[in-house]
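Enquirer: Dropping the structure in here first, questions after.
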Amino acid sequence: MTLLSVDALDVHYGQLQAIRDLSLTVEAGQVVAMIGANGAGKSTLLRALAGSNHPSGGTITFAGVDITRVPAHRRVTSGIALVPEGRRLFRSLTVEENLLTGAYRKRPGPWTLERVYEMFPWMGDRRRQSSAQLSGGEQQSVAIGRALMSNPELILIDELSLGLAPVIVRRIYGVLPTIVEQGTAALIVEQDVSQALRVADHVHCLLEGRSVLDGAPDELSTEQIEHAYFGIAHPSAHETPRGD
Amino acid sequence: MSLTDTLTSRAAKAASVRRSTRSTRVGGGVLTLVVLILAVLPFAVFSSVTDSLVNLFILIALASMWNLLAGFAGLVSVGQQAYFGLGAYAVLVFAEQGVQAYLAIILAAITAAVFAVPTSWLAFRLRGDYFAIGTWVIAEVYRLVTTRIDRLGGASGKSLTTLSDIDPVTRGALNYWVALVVAVASVVACYLLLRSRLGLALMAVRDEETAANAVGINVPRAKRWVYLISAAGCGAAGGVLLVTSLSVNPNAVYSVQWSAYMIFIVVIGGIGYIEGPLLGAVIFFALQQALADYGTTYLILLGLCGIAVALFAPRGLWGMIADRTRISLFPVGYNLAAPAGSDEPSTGEDQTR
Amino acid sequence: MDWFNAVIQGLLLGGLYALFATGLSIMFGVMRVVNLAHGDLAVVASFLALSMVNATNAPLWVAVVITTPLFAVLGYLTQRILLQRSLRVGPMSTLVVTFGLSIVIQNVLLKIYSADTRTLGGGGFATGSFHLTNDIAIPYLSLATFVLAVVVIVAIQLFLSRTGLGRMLRASSDDPDTATLVGADSRHVYGIATAIAFGTVALAGIMMAMRSSFDPATGPSRLLFAFEAVVIGGLGSLWGTLLGGMVLGLTQSVGAQIDPALTILLGHLVFLAVLAFRPQGLLPGRTA
């Protein structure tokens with residue numbers, strides 16, 4: 001079943017067109033990854049899907065309903081949750097309070113405080129701590145927990161690995177299967193291509209706001225991805241080995 | 001448009017830049033003519049007309065100074081009445097020391113600027129809305145301290161007696177001319193200031209503070225200069241009030257009502273345009289005269305107009321006129337003589353925050 | 001013993017200032033708006049209560065029970081209709097809009113009620129006091145106002161920390177953009193903040209009217225007291241606001257003991273001193 005379908009989306013960021021004529025679909029329970037260089041439009045896409053940026057053209061359909069013009073707070077009710085770039089926890093709230101903000105819209109579903117604490121055992125012990133005292137990786141986990149508390153059908157994760165040590169990143173990605181098991185689909189933006197290929201069922205490569213390549217990770221060759229990533233028209237010109 | 005956008009678009013188009021346009025030169029001529037006509041008015045009309053025009057001139061001076069502060073330096077003060085009152089008292093004190101009262105207005109302006117230096121140290125610790133209300137508290141301190149000084153007449157105020165030897169007709173005309181000079185000087189000062197290096201810095205700050213910092217503009221210094229100049233202008237206006245009314249009362253002269261006048265005149269007229277306070281002051285003055293028999297109704301209307309403009313036309317009436325006609329009487333921005341077909345607005349005045 | 005009395009009176013007066021400043025603190029905390037009509041709204045509540053009592057002869061508590069929720073509703077509507085739009089236009093716009101409201105309110109009150117100074121009779125309760133010792137008397141009204149202020153602050157704190165909506169107010173204060181992404185409708189959240197502000201200011205306005213006289217032009221000076229309490233206490237903390245109110249009340253009361261004409265000036269000077277030497281306030285807070 002198609003959960004999210006984006007059709008011919010255009011998003012402008014000031015004078016700049018950040019997303020051009022982009023189409024993609026996310027099936028229920030699927031993990032889709034967006035890769036691409038800085039400024040390729042990945043974060044803009046997620047923010048447009050979450051309702052923070054308003055598209056200038058195209059449609060976004062979620063669970064069969066056109067949500068292109070629906071404001072951000074109502075998209076949470078429909079079942080979309082964003083883990084924003086840079087975590088963006090509420091600094092004056094405790095860990096538990098941050099998680100509870102996610103449950104504000106009271107969507108029914110499997111995720112509760114207890115389940116989140118089960119997934120991240122350290123969190124329960126430190127639930128009364130101010131979120132400002134957490135390390136980057138801990139903050140990222142709380143941000144994911146907060147998004148799950150709304151029991152989303154689709155979780156959007158923006159630059160999870162930004163500024164985190166690789167071992168921490170791998171540990172946090174380790175919970176993704178648990179999340180998907182509960183029936184939640186994930187659309188992730190990831191700068192680390194090998195990480196993205198490892199966790200995703202389907203990958204899109206964005207270049208200057210367009211999807212220039214997409215497919216299942218095992219269908220795509222390293223060369224194809226590199227060329228899409230750097231926008232190289234003539235494959236032999238710049239061979240820069242990268243990734244796995 | 002942000003500073004960086006502006007710079008890039010300038011560079012990209014390699015357009016020739018000029019300040020004056022045809023409308024500017026025509027407008028400049030008309031304004032000069034208006035000032036000349038106003039200058040000879042005491043010979044032509046009854047003194048009741050010139051007496052009430054004095055109030056208009058005071059409002060123009062005050063509003064221009066507030067516009068400089070808020071519209072160009074982004075310092076939204078609700079406390080400029082501090083310098084207005086200070087100016088009035090300064091003229092009183094200097095006149096008692098033997099200085100000719102009309103000439104003492106210049107000293108009043110300087111006094112206000114001098115007091116503004118330590119005041120700014122305190123006020124500049126506050127940002128945004130807190131600056132607004134903090135300056136208001138400071139103005140209240142000026143008022144309360146004044147009421148405690150017996151030599152200044154305490155809470156009941158004091159009269160200026162040194163002008164009594166000039167006959168009333170001559171004095172009326174002199175008052176009128178002095179008020180006109182202060183009003184014209186305020187507007188011209190704004191114009192020259194904004195065309196100077198400091199003005200360029202200010203507009204860069206208004207458009208994008210971080211970028212302005214980055215390109216080496218000393219933002220706090222630029223703001224402080226504007227604050228001092230604005231204080232001087234308000235001080236001169238306060239001096240004019242004293243020589244025309246011949247007495248000063250601390251509760252009236254330090255009243256926050258003056259801030260209300262300044263703010264609503266500028267907002268309605270068009271903040272960030274030199275023309276804005278002129279237009280706003282004329283509208284306010286007309287409203288005040290037309291509703292003179294209905295008590296404070298004009299203030300209710302003024303408040304409602306201010307709210308409506310702030311919500312629906314944040315660039316004010318002059319902003320609407322400028323958008324439609326592209327007229328600029330005081331070109332403080334730069335007009336790009338852009339390549340044919342391009343429609344680039346004047347960059348100095350295209351955004352009000 | 002006069003001095004001791006002045007201290008007690010001043011601290012209790014601080015409760016009234018805190019009650020009065022709570023709304024200002026909340027609106028600034030959540031929306032970054034300083035409502036320049038805050039003092040005038042209190043005066044409107046005073047006049048409204050006066051009219052109600054005069055017209056119906058009802059006891060004053062009835063006026064309180066009607067006025068407070070009425071103001072809360074009014075606050076919600078003001079936010080949705082006026083302030084929301086001005087927030088979109090920019091910070092200068094909210095300042096001009098609230099200042100415009102202040103001017104309009106003052107002059108409309110002037111037209112309805114004239115410039116006469118009024119007081120709100122609270123009966124024996126408002127004038128009576130009990131004696132701790134022979135020399136130290138504590139007025140019922142001051143004590144009740146102080147207790148009321150503490151109760152209101154505790155209630156608001158409970159709302160902010162224990163309810164989903166309260167958490168959203170704090171979350172919006174931290175990061176409005178992200179609050180929207182977890183499901184906060186900022187217009188509603190801001191509406192609730194403004195409703196609390198208007199409700200508390202109505203309560204404070206009526207308490208204040210029993211204590212001291214008022215006229216249509218009293219609002220601005222009250223706004224400054226509230227603002228000073230907020231800044232002295234430290235932004236973003238209601239307990240800080242209570243402390244700030246008490247410092248201000250104490251200063252004014254002790255100042256009045258030295259010379260009645262010093263009452264307000266000394267309060268302003270303490271405020272400026274805090275600004276100069278401890279701009280973050282005495283008790284800088286973490287929540288709205």
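Each chain in the structure tokens gets a letter, A, B, ..., in the order shown, and its residues are numbered from 1; ligands are numbered from 1 in order too.
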Tell me as a list in words which residues belonging to chain A come within 12 Å of chain B, counting only C-alpha atoms.

Expert: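 Taking only C-alpha atoms into account, Gly14, Gln15 and Leu16 of chain A sit within 12 Å of chain B.
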
Enquirer: What are the nearest atom pairs, with distances in Å to one decimal, for all residues of chain C that come at most 10 Å from chain A, using only C-alpha atoms, set out by chain and rising residue number as JSON lines?

Expert:
```
{"residue": "C:Ser161", "atom": "CA", "partner": "A:Glu97", "partner_atom": "CA", "distance": 8.4}
{"residue": "C:Arg162", "atom": "CA", "partner": "A:Glu97", "partner_atom": "CA", "distance": 9.2}
{"residue": "C:Thr163", "atom": "CA", "partner": "A:Tyr104", "partner_atom": "CA", "distance": 9.5}
{"residue": "C:Gly164", "atom": "CA", "partner": "A:Tyr104", "partner_atom": "CA", "distance": 5.8}
{"residue": "C:Leu165", "atom": "CA", "partner": "A:Tyr104", "partner_atom": "CA", "distance": 7.6}
{"residue": "C:Gly166", "atom": "CA", "partner": "A:Thr101", "partner_atom": "CA", "distance": 9.9}
{"residue": "C:Arg167", "atom": "CA", "partner": "A:Thr101", "partner_atom": "CA", "distance": 6.7}
{"residue": "C:Met168", "atom": "CA", "partner": "A:Thr101", "partner_atom": "CA", "distance": 6.7}
{"residue": "C:Arg170", "atom": "CA", "partner": "A:Ser92", "partner_atom": "CA", "distance": 7.6}
{"residue": "C:Ala171", "atom": "CA", "partner": "A:Phe90", "partner_atom": "CA", "distance": 5.7}
{"residue": "C:Ser172", "atom": "CA", "partner": "A:Phe90", "partner_atom": "CA", "distance": 8.5}
{"residue": "C:Ser173", "atom": "CA", "partner": "A:Phe90", "partner_atom": "CA", "distance": 8.8}
{"residue": "C:Asp174", "atom": "CA", "partner": "A:Phe90", "partner_atom": "CA", "distance": 5.8}
{"residue": "C:Asp175", "atom": "CA", "partner": "A:Phe90", "partner_atom": "CA", "distance": 6.7}
{"residue": "C:Pro176", "atom": "CA", "partner": "A:Phe90", "partner_atom": "CA", "distance": 9.6}
{"residue": "C:Asp177", "atom": "CA", "partner": "A:Ser52", "partner_atom": "CA", "distance": 7.9}
{"residue": "C:Thr178", "atom": "CA", "partner": "A:Arg88", "partner_atom": "CA", "distance": 6.8}
{"residue": "C:Ala179", "atom": "CA", "partner": "A:Thr101", "partner_atom": "CA", "distance": 8.1}
{"residue": "C:Thr180", "atom": "CA", "partner": "A:His73", "partner_atom": "CA", "distance": 5.2}
{"residue": "C:Leu181", "atom": "CA", "partner": "A:His73", "partner_atom": "CA", "distance": 5.9}
{"residue": "C:Val182", "atom": "CA", "partner": "A:Gly102", "partner_atom": "CA", "distance": 5.4}
{"residue": "C:Gly183", "atom": "CA", "partner": "A:His73", "partner_atom": "CA", "distance": 3.9}
{"residue": "C:Ala184", "atom": "CA", "partner": "A:His73", "partner_atom": "CA", "distance": 5.5}
{"residue": "C:Asp185", "atom": "CA", "partner": "A:His73", "partner_atom": "CA", "distance": 5.7}
{"residue": "C:Ser186", "atom": "CA", "partner": "A:His73", "partner_atom": "CA", "distance": 8.6}
{"residue": "C:Gly285", "atom": "CA", "partner": "A:Ser92", "partner_atom": "CA", "distance": 9.1}
{"residue": "C:Arg286", "atom": "CA", "partner": "A:Ser92", "partner_atom": "CA", "distance": 5.4}
{"residue": "C:Thr287", "atom": "CA", "partner": "A:Ser92", "partner_atom": "CA", "distance": 5.9}
{"residue": "C:Ala288", "atom": "CA", "partner": "A:Ser92", "partner_atom": "CA", "distance": 8.9}
```

Enquirer: Give me the residues within 10 Å of Val188 in chain B as JSON, numbers by chain, counting only C-alpha atoms and dropping any in the same chain fewer than 6 places off.

Expert: {"B": [64, 182, 194, 274, 330]}

Enquirer: Can I get the selected residues back with C-alpha atoms, as an mmCIF file, in the first residue's frame?

Expert:
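The new file out17.cif reads:
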```cif
data_model
loop_
_atom_site.group_PDB
_atom_site.id
_atom_site.type_symbol
_atom_site.label_atom_id
_atom_site.label_comp_id
_atom_site.auth_asym_id
_atom_site.auth_seq_id
_atom_site.Cartn_x
_atom_site.Cartn_y
_atom_site.Cartn_z
ATOM 1 C CA SER B 64 11.544 62.765 11.955
ATOM 2 C CA VAL B 182 14.019 73.343 13.615
ATOM 3 C CA LEU B 194 21.365 58.943 5.681
ATOM 4 C CA ILE B 274 12.074 60.515 5.220
ATOM 5 C CA PHE B 330 14.522 62.232 -0.580
#
```

Enquirer: Can you pull out the residues contacting Val44 in chain C? Cut-off 10 Å, using only C-alpha atoms, and skip same-chain residues under 6 positions away; I want them as a PyMOL selection string.

Expert: chain C and resi 50+71+105-106+109+201-202+205-206+215-216+219

Enquirer: What's around Arg171 in chain B at 9 Å? Count only C-alpha atoms, leave out sequence neighbours fewer than 6 positions away in its own chain, and write the answer as a tab-separated table (two decimals) with C-alpha atoms, in the first residue's frame.

Expert:
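So part27.tsv came out as:
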```tsv
chain	number	residue	atom	x	y	z
B	163	LEU	CA	11.22	86.92	26.20
B	164	SER	CA	8.61	89.25	27.68
B	244	THR	CA	6.33	79.30	22.16
```

Enquirer: Quick one: pull the distance between CA of Val169 in chain B and CA of Asn249 in chain B, Å, one decimal.

Expert: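 For CA of Val169 in chain B relative to CA of Asn249 in chain B, the distance reads 24.5 Å.
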
Enquirer: Using only C-alpha atoms, I'd like every residue of chain B that has an atom within 9 Å of chain C; please write them out as a VMD selection string.

Expert: chain B and resid 70 76 121 to 123 125 to 126 128 to 130 132 to 134 136 to 138 140 to 141 144 to 145 148 256 to 257 260 263 to 264 267 295 to 297 299 to 312 314 353

Enquirer: Give me every strand (DSSP E or B) residue in range 30-241 of chain A, going by DSSP on the backbone, as a ChimeraX atom specification.

Expert: /A:31-36,55-62,65-66,80-83,94,130,154-158,185-189,202-207,210-215

Enquirer: When DSSP works through the backbone of this structure, what residues of range 91-218 of chain C end up as alpha helix (DSSP H), shown as a count of residues only?

Expert: 93

Enquirer: For Leu235 in chain C, list every protein, DNA or RNA residue within 8 Å, evaluated using only C-alpha atoms, and leave out those in the same chain fewer than 4 positions away; present the list as a short mmCIF file (atom, residue, chain, number, x, y, z; two decimals) with N, CA and C atoms, in the first residue's frame.

Expert:
```
data_model
loop_
_atom_site.label_atom_id
_atom_site.label_comp_id
_atom_site.auth_asym_id
_atom_site.auth_seq_id
_atom_site.Cartn_x
_atom_site.Cartn_y
_atom_site.Cartn_z
N SER C 25 4.72 38.61 31.95
CA SER C 25 5.80 37.63 31.92
C SER C 25 5.45 36.48 30.98
N GLY C 29 7.23 35.54 27.62
CA GLY C 29 7.87 34.23 27.59
C GLY C 29 7.46 33.40 26.40
N VAL C 230 8.99 42.11 36.36
CA VAL C 230 9.43 41.02 35.49
C VAL C 230 10.94 41.08 35.27
N VAL C 231 11.46 42.27 34.97
CA VAL C 231 12.89 42.39 34.66
C VAL C 231 13.75 42.20 35.91
N GLY C 240 10.51 34.11 39.81
CA GLY C 240 11.34 35.30 39.68
C GLY C 240 10.48 36.55 39.66
N THR C 241 9.36 36.46 38.96
CA THR C 241 8.46 37.61 38.90
C THR C 241 7.92 37.95 40.29
N GLN C 280 20.39 39.97 33.71
CA GLN C 280 19.62 38.73 33.58
C GLN C 280 18.57 38.60 34.68
N GLY C 281 18.54 39.56 35.62
CA GLY C 281 17.55 39.53 36.69
C GLY C 281 18.04 38.73 37.87
N PRO C 284 16.90 34.32 37.09
CA PRO C 284 16.60 34.01 35.69
C PRO C 284 16.05 32.60 35.57
N GLY C 285 14.98 32.45 34.85
CA GLY C 285 14.26 31.18 34.88
C GLY C 285 14.55 30.32 33.69
#
```

Enquirer: Using only C-alpha atoms, which residues sit within 10 Å of Thr111 in chain B once same-chain residues fewer than 3 positions away are excluded, as a CSV table (one decimal) with C-alpha atoms, in the first residue's frame?

Expert:
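Resulting contents of out_3.csv:
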```
chain,number,residue,atom,x,y,z
B,83,TYR,CA,14.9,64.6,25.6
B,86,LEU,CA,15.2,68.1,28.9
B,87,GLY,CA,15.4,70.5,25.9
B,90,ALA,CA,17.6,73.4,29.2
B,91,VAL,CA,16.4,76.5,27.4
B,105,ILE,CA,17.7,76.1,21.6
B,106,ILE,CA,21.0,75.2,20.0
B,107,LEU,CA,22.4,74.6,23.5
B,108,ALA,CA,19.3,72.6,24.4
B,114,VAL,CA,25.2,65.0,26.2
B,115,PHE,CA,22.6,63.5,28.6
B,116,ALA,CA,21.9,60.8,25.9
B,231,ALA,CA,18.1,63.1,21.3
B,232,ALA,CA,19.5,66.4,20.1
B,235,GLY,CA,15.8,68.5,22.6
B,236,ALA,CA,15.6,71.3,20.1
```
